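Student: PDB, C-alpha atoms, saved as target_34.pdb, coming up:
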ATOM      1  CA  MET A  15     -16.875 -79.545 -77.308  1.00  0.00           C
ATOM      2  CA  PRO A  16     -16.636 -75.736 -77.613  1.00  0.00           C
ATOM      3  CA  PRO A  17     -14.881 -74.366 -80.676  1.00  0.00           C
ATOM      4  CA  ARG A  18     -11.237 -73.485 -80.281  1.00  0.00           C
ATOM      5  CA  ARG A  19     -10.465 -69.802 -79.964  1.00  0.00           C
ATOM      6  CA  ARG A  20      -8.412 -68.414 -82.735  1.00  0.00           C
ATOM      7  CA  GLY A  21      -5.559 -66.206 -81.582  1.00  0.00           C
ATOM      8  CA  LYS A  22      -5.544 -62.684 -82.892  1.00  0.00           C
ATOM      9  CA  GLY A  23      -2.796 -62.016 -85.351  1.00  0.00           C
ATOM     10  CA  THR A  24      -0.010 -59.844 -84.019  1.00  0.00           C
ATOM     11  CA  GLN A  25       0.227 -56.653 -85.997  1.00  0.00           C
ATOM     12  CA  PRO A  26       3.628 -55.053 -86.465  1.00  0.00           C
ATOM     13  CA  PRO A  27       4.065 -51.805 -84.480  1.00  0.00           C
ATOM     14  CA  ASN A  28       3.140 -48.634 -86.286  1.00  0.00           C
ATOM     15  CA  GLU A  29       5.811 -46.060 -87.104  1.00  0.00           C
ATOM     16  CA  ALA A  30       5.202 -43.947 -83.989  1.00  0.00           C
ATOM     17  CA  ALA A  31       5.495 -47.013 -81.741  1.00  0.00           C
ATOM     18  CA  ARG A  32       8.608 -48.218 -83.587  1.00  0.00           C
ATOM     19  CA  LEU A  33      10.332 -44.847 -83.146  1.00  0.00           C
ATOM     20  CA  THR A  34       9.293 -44.734 -79.490  1.00  0.00           C
ATOM     21  CA  ASP A  35      10.852 -48.170 -79.025  1.00  0.00           C
ATOM     22  CA  ALA A  36      14.067 -46.805 -80.547  1.00  0.00           C
ATOM     23  CA  LEU A  37      14.145 -44.034 -77.921  1.00  0.00           C
ATOM     24  CA  VAL A  38      13.376 -46.499 -75.134  1.00  0.00           C
ATOM     25  CA  ALA A  39      16.343 -48.567 -76.358  1.00  0.00           C
ATOM     26  CA  GLU A  40      18.453 -45.410 -76.002  1.00  0.00           C
ATOM     27  CA  GLY A  41      17.489 -45.148 -72.319  1.00  0.00           C
ATOM     28  CA  PHE A  42      14.468 -42.843 -72.393  1.00  0.00           C
ATOM     29  CA  SER A  43      11.231 -43.706 -70.612  1.00  0.00           C
ATOM     30  CA  LYS A  44       7.886 -43.508 -72.369  1.00  0.00           C
ATOM     31  CA  ARG A  45       6.964 -40.682 -70.005  1.00  0.00           C
ATOM     32  CA  GLN A  46      10.013 -38.759 -71.220  1.00  0.00           C
ATOM     33  CA  VAL A  47       9.036 -39.442 -74.831  1.00  0.00           C
ATOM     34  CA  ALA A  48       5.608 -37.944 -74.101  1.00  0.00           C
ATOM     35  CA  HIS A  49       7.259 -34.895 -72.516  1.00  0.00           C
ATOM     36  CA  ILE A  50       9.476 -34.467 -75.570  1.00  0.00           C
ATOM     37  CA  LEU A  51       6.348 -34.455 -77.742  1.00  0.00           C
ATOM     38  CA  GLY A  52       4.679 -31.896 -75.478  1.00  0.00           C
ATOM     39  CA  ARG A  53       1.873 -34.266 -74.501  1.00  0.00           C
ATOM     40  CA  ASN A  54       0.887 -36.347 -71.479  1.00  0.00           C
ATOM     41  CA  SER A  55       1.983 -39.969 -71.096  1.00  0.00           C
ATOM     42  CA  ALA A  56      -1.345 -41.364 -72.354  1.00  0.00           C
ATOM     43  CA  ILE A  57      -0.508 -40.319 -75.912  1.00  0.00           C
ATOM     44  CA  VAL A  58       2.395 -42.771 -76.098  1.00  0.00           C
ATOM     45  CA  SER A  59       0.170 -45.629 -74.961  1.00  0.00           C
ATOM     46  CA  HIS A  60      -2.125 -44.826 -77.870  1.00  0.00           C
ATOM     47  CA  PHE A  61       0.720 -45.529 -80.299  1.00  0.00           C
ATOM     48  CA  TYR A  62       0.593 -49.179 -79.218  1.00  0.00           C
ATOM     49  CA  ASN A  63      -3.104 -49.868 -78.800  1.00  0.00           C
ATOM     50  CA  ARG A  64      -5.025 -47.680 -81.242  1.00  0.00           C
ATOM     51  CA  GLY A  65      -4.165 -49.157 -84.584  1.00  0.00           C
ATOM     52  CA  PRO A  66      -1.690 -48.538 -87.399  1.00  0.00           C
ATOM     53  CA  GLY A  67      -2.637 -44.880 -87.890  1.00  0.00           C
ATOM     54  CA  SER A  68      -2.146 -43.839 -84.281  1.00  0.00           C
ATOM     55  CA  GLY A  69       0.541 -41.270 -83.655  1.00  0.00           C
ATOM     56  CA  LYS A  70       0.853 -40.272 -87.278  1.00  0.00           C
ATOM     57  CA  ALA A  71       1.030 -36.572 -86.351  1.00  0.00           C
ATOM     58  CA  PHE A  72       4.103 -37.264 -84.211  1.00  0.00           C
ATOM     59  CA  VAL A  73       6.137 -39.405 -86.603  1.00  0.00           C
ATOM     60  CA  ASP A  74       8.220 -36.564 -88.065  1.00  0.00           C
ATOM     61  CA  ALA A  75       9.028 -35.259 -84.580  1.00  0.00           C
ATOM     62  CA  LEU A  76       9.942 -38.707 -83.271  1.00  0.00           C
ATOM     63  CA  ARG A  77      12.105 -39.412 -86.300  1.00  0.00           C
ATOM     64  CA  ALA A  78      13.991 -36.114 -85.848  1.00  0.00           C
ATOM     65  CA  VAL A  79      14.576 -36.872 -82.161  1.00  0.00           C
ATOM     66  CA  VAL A  80      15.770 -40.429 -82.849  1.00  0.00           C
ATOM     67  CA  GLN A  81      18.190 -39.167 -85.490  1.00  0.00           C
ATOM     68  CA  GLU A  82      19.504 -36.476 -83.126  1.00  0.00           C
ATOM     69  CA  VAL A  83      20.092 -38.978 -80.320  1.00  0.00           C
ATOM     70  CA  GLN A  84      21.632 -41.658 -82.500  1.00  0.00           C
ATOM     71  CA  ALA A  85      23.921 -39.088 -84.122  1.00  0.00           C
ATOM     72  CA  GLY A  86      25.357 -38.193 -80.703  1.00  0.00           C
ATOM     73  CA  GLY A  87      23.519 -34.891 -80.277  1.00  0.00           C
ATOM     74  CA  PRO A  88      22.104 -33.488 -77.017  1.00  0.00           C
ATOM     75  CA  ARG A  89      20.202 -36.062 -74.979  1.00  0.00           C
ATOM     76  CA  ASP A  90      18.600 -33.813 -72.374  1.00  0.00           C
ATOM     77  CA  VAL A  91      14.825 -33.797 -72.524  1.00  0.00           C
ATOM     78  CA  GLU A  92      14.403 -30.019 -72.826  1.00  0.00           C
ATOM     79  CA  SER A  93      16.661 -29.763 -75.896  1.00  0.00           C
ATOM     80  CA  LEU A  94      14.854 -32.656 -77.535  1.00  0.00           C
ATOM     81  CA  THR A  95      11.498 -31.079 -76.671  1.00  0.00           C
ATOM     82  CA  GLN A  96      12.504 -27.945 -78.529  1.00  0.00           C
ATOM     83  CA  LEU A  97      13.634 -30.009 -81.504  1.00  0.00           C
ATOM     84  CA  ALA A  98      10.389 -31.998 -81.582  1.00  0.00           C
ATOM     85  CA  SER A  99       8.256 -28.865 -81.356  1.00  0.00           C
ATOM     86  CA  GLN A 100       9.396 -27.906 -84.858  1.00  0.00           C
ATOM     87  CA  TYR A 101       7.859 -31.068 -86.306  1.00  0.00           C
ATOM     88  CA  VAL A 102       4.742 -31.840 -84.261  1.00  0.00           C
ATOM     89  CA  LYS A 103       1.658 -31.347 -86.410  1.00  0.00           C
ATOM     90  CA  ARG A 104      -1.526 -30.152 -84.794  1.00  0.00           C
ATOM     91  CA  ARG A 105      -4.460 -32.547 -84.996  1.00  0.00           C
ATOM     92  CA  LEU A 106      -7.350 -31.207 -87.067  1.00  0.00           C
ATOM     93  CA  THR A 107     -10.966 -31.155 -85.937  1.00  0.00           C
ATOM     94  CA  LYS A 108     -13.753 -32.539 -88.123  1.00  0.00           C
ATOM     95  CA  ALA A 109     -14.245 -28.995 -89.366  1.00  0.00           C
ATOM     96  CA  GLY A 110     -10.638 -28.950 -90.560  1.00  0.00           C
ATOM     97  CA  LYS A 111      -9.385 -26.482 -87.946  1.00  0.00           C
ATOM     98  CA  PRO A 112      -6.359 -27.089 -85.688  1.00  0.00           C
ATOM     99  CA  ALA A 113      -7.439 -28.781 -82.458  1.00  0.00           C
ATOM    100  CA  ARG A 114      -6.737 -26.948 -79.224  1.00  0.00           C
ATOM    101  CA  VAL A 115      -3.859 -28.492 -77.279  1.00  0.00           C
ATOM    102  CA  ARG A 116      -2.791 -27.549 -73.771  1.00  0.00           C
ATOM    103  CA  ALA A 117       0.824 -26.407 -73.887  1.00  0.00           C
ATOM    104  CA  PRO A 118       2.912 -27.670 -70.930  1.00  0.00           C
ATOM    105  CA  ASP A 119       5.733 -25.147 -71.325  1.00  0.00           C
ATOM    106  CA  THR A 120       3.772 -22.049 -70.382  1.00  0.00           C
ATOM    107  CA  VAL A 121       1.377 -21.916 -67.457  1.00  0.00           C
ATOM    108  CA  GLN A 122      -0.565 -18.856 -66.342  1.00  0.00           C
ATOM    109  CA  VAL A 123      -2.686 -18.893 -63.176  1.00  0.00           C
ATOM    110  CA  THR A 124      -5.367 -16.356 -62.326  1.00  0.00           C
ATOM    111  CA  HIS A 125      -7.772 -16.013 -59.421  1.00  0.00           C
ATOM    112  CA  ASP A 126     -10.907 -13.882 -59.883  1.00  0.00           C
ATOM    113  CA  ASP A 127      -9.360 -12.127 -62.901  1.00  0.00           C
ATOM    114  CA  GLU A 128      -6.268 -11.214 -60.864  1.00  0.00           C
ATOM    115  CA  TRP A 129      -2.970 -12.564 -62.152  1.00  0.00           C
ATOM    116  CA  THR A 130      -1.402 -14.823 -59.534  1.00  0.00           C
ATOM    117  CA  SER A 131       1.566 -16.673 -61.012  1.00  0.00           C
ATOM    118  CA  GLY A 132       3.102 -18.141 -64.116  1.00  0.00           C
ATOM    119  CA  ILE A 133       5.979 -20.258 -65.352  1.00  0.00           C
ATOM    120  CA  ALA A 134       7.607 -20.740 -68.741  1.00  0.00           C
ATOM    121  CA  ARG A 135      10.580 -22.700 -70.047  1.00  0.00           C
ATOM    122  CA  ALA A 136      12.804 -22.324 -73.084  1.00  0.00           C
ATOM    123  CA  GLY A 137      15.521 -24.602 -74.447  1.00  0.00           C
ATOM    124  CA  LYS A 138      18.502 -23.946 -76.673  1.00  0.00           C
ATOM    125  CA  GLN A 139      16.691 -23.699 -79.992  1.00  0.00           C
ATOM    126  CA  HIS A 140      13.892 -21.530 -78.667  1.00  0.00           C
ATOM    127  CA  ILE A 141      16.399 -19.242 -76.949  1.00  0.00           C
ATOM    128  CA  SER A 142      18.277 -18.787 -80.225  1.00  0.00           C
ATOM    129  CA  SER A 143      15.086 -17.437 -81.811  1.00  0.00           C
ATOM    130  CA  GLY A 144      14.308 -14.982 -79.005  1.00  0.00           C
ATOM    131  CA  ALA A 145      12.542 -17.207 -76.450  1.00  0.00           C
ATOM    132  CA  SER A 146       9.198 -15.491 -77.055  1.00  0.00           C
ATOM    133  CA  ARG A 147       7.285 -17.690 -74.611  1.00  0.00           C
ATOM    134  CA  LEU A 148       9.185 -16.167 -71.667  1.00  0.00           C
ATOM    135  CA  ARG A 149       8.125 -12.552 -72.280  1.00  0.00           C
ATOM    136  CA  PRO A 150       4.447 -12.859 -71.194  1.00  0.00           C
ATOM    137  CA  ILE A 151       5.507 -13.960 -67.694  1.00  0.00           C
ATOM    138  CA  VAL A 152       7.650 -10.845 -67.241  1.00  0.00           C
ATOM    139  CA  ASP A 153       4.908  -8.617 -68.651  1.00  0.00           C
ATOM    140  CA  ALA A 154       2.201 -10.097 -66.401  1.00  0.00           C
ATOM    141  CA  ALA A 155       4.367  -9.959 -63.277  1.00  0.00           C
ATOM    142  CA  ALA A 156       5.368  -6.341 -63.959  1.00  0.00           C
ATOM    143  CA  GLU A 157       1.774  -5.272 -64.554  1.00  0.00           C
ATOM    144  CA  ALA A 158       0.722  -6.923 -61.292  1.00  0.00           C
ATOM    145  CA  GLY A 159       3.597  -5.345 -59.353  1.00  0.00           C
ATOM    146  CA  GLY A 160       4.986  -8.832 -58.805  1.00  0.00           C
ATOM    147  CA  VAL A 161       8.360 -10.518 -58.818  1.00  0.00           C
ATOM    148  CA  ILE A 162      10.250 -13.064 -60.886  1.00  0.00           C
ATOM    149  CA  ALA A 163      12.911 -15.714 -60.365  1.00  0.00           C
ATOM    150  CA  PHE A 164      14.688 -17.907 -62.866  1.00  0.00           C
ATOM    151  CA  THR A 165      16.800 -21.002 -63.304  1.00  0.00           C
ATOM    152  CA  VAL A 166      19.454 -21.025 -66.021  1.00  0.00           C
ATOM    153  CA  ARG A 167      21.629 -23.717 -67.516  1.00  0.00           C
ATOM    154  CA  ALA A 168      25.028 -23.013 -69.023  1.00  0.00           C
ATOM    155  CA  SER A 169      28.384 -24.704 -69.416  1.00  0.00           C
ATOM    156  CA  LYS A 170      29.772 -25.370 -65.940  1.00  0.00           C
ATOM    157  CA  GLY A 171      33.115 -23.799 -66.794  1.00  0.00           C
ATOM    158  CA  ARG A 172      31.489 -20.510 -67.805  1.00  0.00           C
ATOM    159  CA  PHE A 173      30.142 -19.724 -64.331  1.00  0.00           C
ATOM    160  CA  LEU A 174      32.618 -17.424 -62.588  1.00  0.00           C
ATOM    161  CA  ILE A 175      31.479 -17.819 -58.970  1.00  0.00           C
ATOM    162  CA  ASP A 176      31.158 -21.054 -57.049  1.00  0.00           C
ATOM    163  CA  SER A 177      27.518 -21.949 -56.570  1.00  0.00           C
ATOM    164  CA  GLY A 178      26.007 -20.940 -53.252  1.00  0.00           C
ATOM    165  CA  GLU A 179      28.554 -18.227 -52.525  1.00  0.00           C
ATOM    166  CA  GLU A 180      27.365 -14.794 -51.419  1.00  0.00           C
ATOM    167  CA  GLY A 181      28.200 -13.205 -54.766  1.00  0.00           C
ATOM    168  CA  ASP A 182      26.277 -15.755 -56.805  1.00  0.00           C
ATOM    169  CA  SER A 183      22.952 -16.868 -55.341  1.00  0.00           C
ATOM    170  CA  PRO A 184      23.351 -17.157 -51.570  1.00  0.00           C
ATOM    171  CA  GLY A 185      21.553 -19.947 -49.814  1.00  0.00           C
ATOM    172  CA  VAL A 186      20.300 -21.767 -52.889  1.00  0.00           C
ATOM    173  CA  ARG A 187      23.150 -24.159 -53.589  1.00  0.00           C
ATOM    174  CA  ARG A 188      20.588 -26.904 -53.110  1.00  0.00           C
ATOM    175  CA  GLY A 189      19.016 -25.677 -56.341  1.00  0.00           C
ATOM    176  CA  VAL A 190      22.162 -26.406 -58.374  1.00  0.00           C
ATOM    177  CA  VAL A 191      21.940 -29.380 -60.716  1.00  0.00           C
ATOM    178  CA  GLN A 192      24.939 -30.938 -62.439  1.00  0.00           C
ATOM    179  CA  ARG A 193      24.237 -32.311 -65.918  1.00  0.00           C
ATOM    180  CA  SER A 194      26.066 -35.128 -67.669  1.00  0.00           C
ATOM    181  CA  ASP A 195      26.672 -32.935 -70.730  1.00  0.00           C
ATOM    182  CA  GLY A 196      28.980 -30.618 -68.759  1.00  0.00           C
ATOM    183  CA  THR A 197      26.345 -27.979 -68.055  1.00  0.00           C
ATOM    184  CA  GLU A 198      25.047 -26.806 -64.712  1.00  0.00           C
ATOM    185  CA  GLU A 199      21.704 -25.391 -63.611  1.00  0.00           C
ATOM    186  CA  ARG A 200      21.567 -22.528 -61.128  1.00  0.00           C
ATOM    187  CA  ARG A 201      18.600 -20.773 -59.592  1.00  0.00           C
ATOM    188  CA  TYR A 202      18.426 -17.015 -59.065  1.00  0.00           C
ATOM    189  CA  GLY A 203      15.849 -15.079 -57.090  1.00  0.00           C
ATOM    190  CA  ASN A 204      14.794 -16.388 -53.711  1.00  0.00           C
ATOM    191  CA  ASP A 205      11.391 -18.021 -54.124  1.00  0.00           C
ATOM    192  CA  ALA A 206      10.088 -16.097 -51.112  1.00  0.00           C
ATOM    193  CA  VAL A 207      11.200 -12.693 -52.427  1.00  0.00           C
ATOM    194  CA  GLY A 208      12.257 -12.739 -56.085  1.00  0.00           C
ATOM    195  CA  PHE A 209      13.426  -9.858 -58.295  1.00  0.00           C
ATOM    196  CA  ASP A 210      11.353  -6.766 -59.002  1.00  0.00           C
ATOM    197  CA  ALA A 211       9.447  -7.636 -62.191  1.00  0.00           C
ATOM    198  CA  ARG A 212       9.125  -3.973 -63.240  1.00  0.00           C
ATOM    199  CA  GLU A 213      12.889  -3.554 -63.240  1.00  0.00           C
ATOM    200  CA  TRP A 214      13.214  -6.724 -65.295  1.00  0.00           C
ATOM    201  CA  HIS A 215      10.499  -5.580 -67.664  1.00  0.00           C
ATOM    202  CA  GLN A 216      12.674  -2.573 -68.437  1.00  0.00           C
ATOM    203  CA  ARG A 217      15.721  -4.794 -68.949  1.00  0.00           C
ATOM    204  CA  VAL A 218      13.793  -7.057 -71.306  1.00  0.00           C
ATOM    205  CA  THR A 219      12.374  -4.085 -73.227  1.00  0.00           C
ATOM    206  CA  GLU A 220      15.890  -2.733 -73.753  1.00  0.00           C
ATOM    207  CA  ARG A 221      16.812  -6.110 -75.268  1.00  0.00           C
ATOM    208  CA  GLY A 222      13.942  -6.000 -77.715  1.00  0.00           C
ATOM    209  CA  GLY A 223      11.813  -8.433 -75.711  1.00  0.00           C
ATOM    210  CA  ASP A 224      14.483 -11.151 -75.511  1.00  0.00           C
ATOM    211  CA  VAL A 225      14.296 -12.401 -71.915  1.00  0.00           C
ATOM    212  CA  ALA A 226      17.181 -14.867 -72.275  1.00  0.00           C
ATOM    213  CA  ALA A 227      19.426 -12.096 -73.603  1.00  0.00           C
ATOM    214  CA  ALA A 228      18.444  -9.833 -70.679  1.00  0.00           C
ATOM    215  CA  ILE A 229      19.261 -12.597 -68.195  1.00  0.00           C
ATOM    216  CA  THR A 230      22.602 -13.251 -69.903  1.00  0.00           C
ATOM    217  CA  ASP A 231      23.458  -9.539 -69.786  1.00  0.00           C
ATOM    218  CA  TRP A 232      22.629  -9.386 -66.079  1.00  0.00           C
ATOM    219  CA  MET A 233      24.763 -12.433 -65.278  1.00  0.00           C
ATOM    220  CA  VAL A 234      27.731 -11.033 -67.208  1.00  0.00           C
ATOM    221  CA  GLU A 235      27.323  -7.539 -65.705  1.00  0.00           C
ATOM    222  CA  THR A 236      27.203  -8.934 -62.164  1.00  0.00           C
ATOM    223  CA  GLY A 237      30.245 -11.161 -62.676  1.00  0.00           C
ATOM    224  CA  ARG A 238      28.364 -14.439 -62.517  1.00  0.00           C
ATOM    225  CA  LEU A 239      28.905 -15.590 -66.101  1.00  0.00           C
ATOM    226  CA  ALA A 240      31.849 -15.234 -68.460  1.00  0.00           C
ATOM    227  CA  GLU A 241      31.439 -12.755 -71.304  1.00  0.00           C
ATOM    228  CA  GLY A 242      30.350 -14.490 -74.493  1.00  0.00           C
ATOM    229  CA  ALA A 243      28.895 -17.470 -72.619  1.00  0.00           C
ATOM    230  CA  LYS A 244      25.618 -18.890 -73.865  1.00  0.00           C
ATOM    231  CA  ILE A 245      22.645 -19.921 -71.747  1.00  0.00           C
ATOM    232  CA  SER A 246      21.163 -23.142 -73.081  1.00  0.00           C
ATOM    233  CA  HIS A 247      17.978 -23.316 -70.988  1.00  0.00           C
ATOM    234  CA  VAL A 248      15.841 -20.951 -68.922  1.00  0.00           C
ATOM    235  CA  GLU A 249      12.960 -21.578 -66.550  1.00  0.00           C
ATOM    236  CA  LEU A 250      11.241 -18.319 -65.631  1.00  0.00           C
ATOM    237  CA  ARG A 251       8.832 -18.007 -62.712  1.00  0.00           C
ATOM    238  CA  GLY A 252       6.698 -15.012 -61.861  1.00  0.00           C
ATOM    239  CA  TRP A 253       4.188 -14.418 -59.109  1.00  0.00           C
ATOM    240  CA  ASN A 254       2.277 -11.735 -57.245  1.00  0.00           C
ATOM    241  CA  PRO A 255       3.268 -11.888 -53.560  1.00  0.00           C
ATOM    242  CA  GLY A 256       0.078 -10.088 -52.585  1.00  0.00           C
ATOM    243  CA  THR A 257      -2.010 -13.109 -53.599  1.00  0.00           C
ATOM    244  CA  TYR A 258      -0.188 -15.580 -51.359  1.00  0.00           C
TER     245      TYR A 258
END
What would you get if you wrote out this structure as structure tokens?
Tutor:
Amino acid sequence: MPPRRRGKGTQPPNEAARLTDALVAEGFSKRQVAHILGRNSAIVSHFYNRGPGSGKAFVDALRAVVQEVQAGGPRDVESLTQLASQYVKRRLTKAGKPARVRAPDTVQVTHDDEWTSGIARAGKQHISSGASRLRPIVDAAAEAGGVIAFTVRASKGRFLIDSGEEGDSPGVRRGVVQRSDGTEERRYGNDAVGFDAREWHQRVTERGGDVAAAITDWMVETGRLAEGAKISHVELRGWNPGTY
């Protein structure tokens, strides 16, 4: 008679897995948790199957996000991503240097050394500190003689023109997204044409490199946004039409 197999003991979840479970219980998917951490979805799986030390570099970020959610703070993924980014610790190589990590919030594309397109996003906390990751897209597009477009999120009541009307962003009402927190996303700059990046480079320069501030100024000046309103999120796209 063959010997009986002994069942493997069930180890309690490590801290990263436990905190992930807390976010799942709050309605987030594991894919969203990975996005919040600025990593792909495989990293969350590692929390559960790679031993008690897995995910240690993400524990502080996960704990901050769980506390924010459970305290009734913002629940949108982009805001939580910005919060987590303040706590995520870079993994070190065997030589003790920070490991290289692909950042999902800024993407630059080049073909044969010619800049083609780029995209960058900034949430509330990053915007409050100047939204530095947005500037390189404007700079690259202006240098290439390209164009930009952007999507902004702000409190729904602070927009002064109904979405899709001629004075706001004609023909792109389909790009408007209503959020459960009372904000609304609107897209500006037709994706086939866009705004002159050189003009926007000048606007951004006049605002000391703060792209979000330049966008806010433009929206107030053109009667789209109430004076004093705050933009909570920006997605900036730039491209060189000559390469398409």
Student: Can you spell out as a PyMOL selection string the set of residues that the PyMOL selection byres ((chain A and resi 100) around 10) selects in the structure I just provided?
Tutor: chain A and resi 74-75+78+95-99+101-103+139-140
Student: Which neighbours of Lys70 in chain A fall inside 8 Å, counting only C-alpha atoms, when residues of the same chain fewer than 2 positions from it are skipped, and could you give them as a list in words?
Tutor: Glu29, Ala30, Gly67, Ser68, Phe72 and Val73 of chain A
Student: Separation of CA of Gly52 in chain A and CA of Arg200 in chain A, in Å?
Tutor: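 Atom-to-atom, CA of Gly52 in chain A to CA of Arg200 in chain A, that is 24.1 Å.
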Student: Mind telling me what the PyMOL selection byres ((chain A and resi 36-47) around 9) catches here, as a PyMOL selection string?
Tutor: chain A and resi 31-35+48-56+58-59+76+79-80+83-84+91+95
Student: If we count only C-alpha atoms, what is near Ile245 in chain A at a cut-off of 12 Å, once residues fewer than 6 positions away on the same chain are taken out, given as an MDAnalysis selection string?
Tutor: chainID A and resid 136:142 145 165:170 172:173 197:200 225:234 239
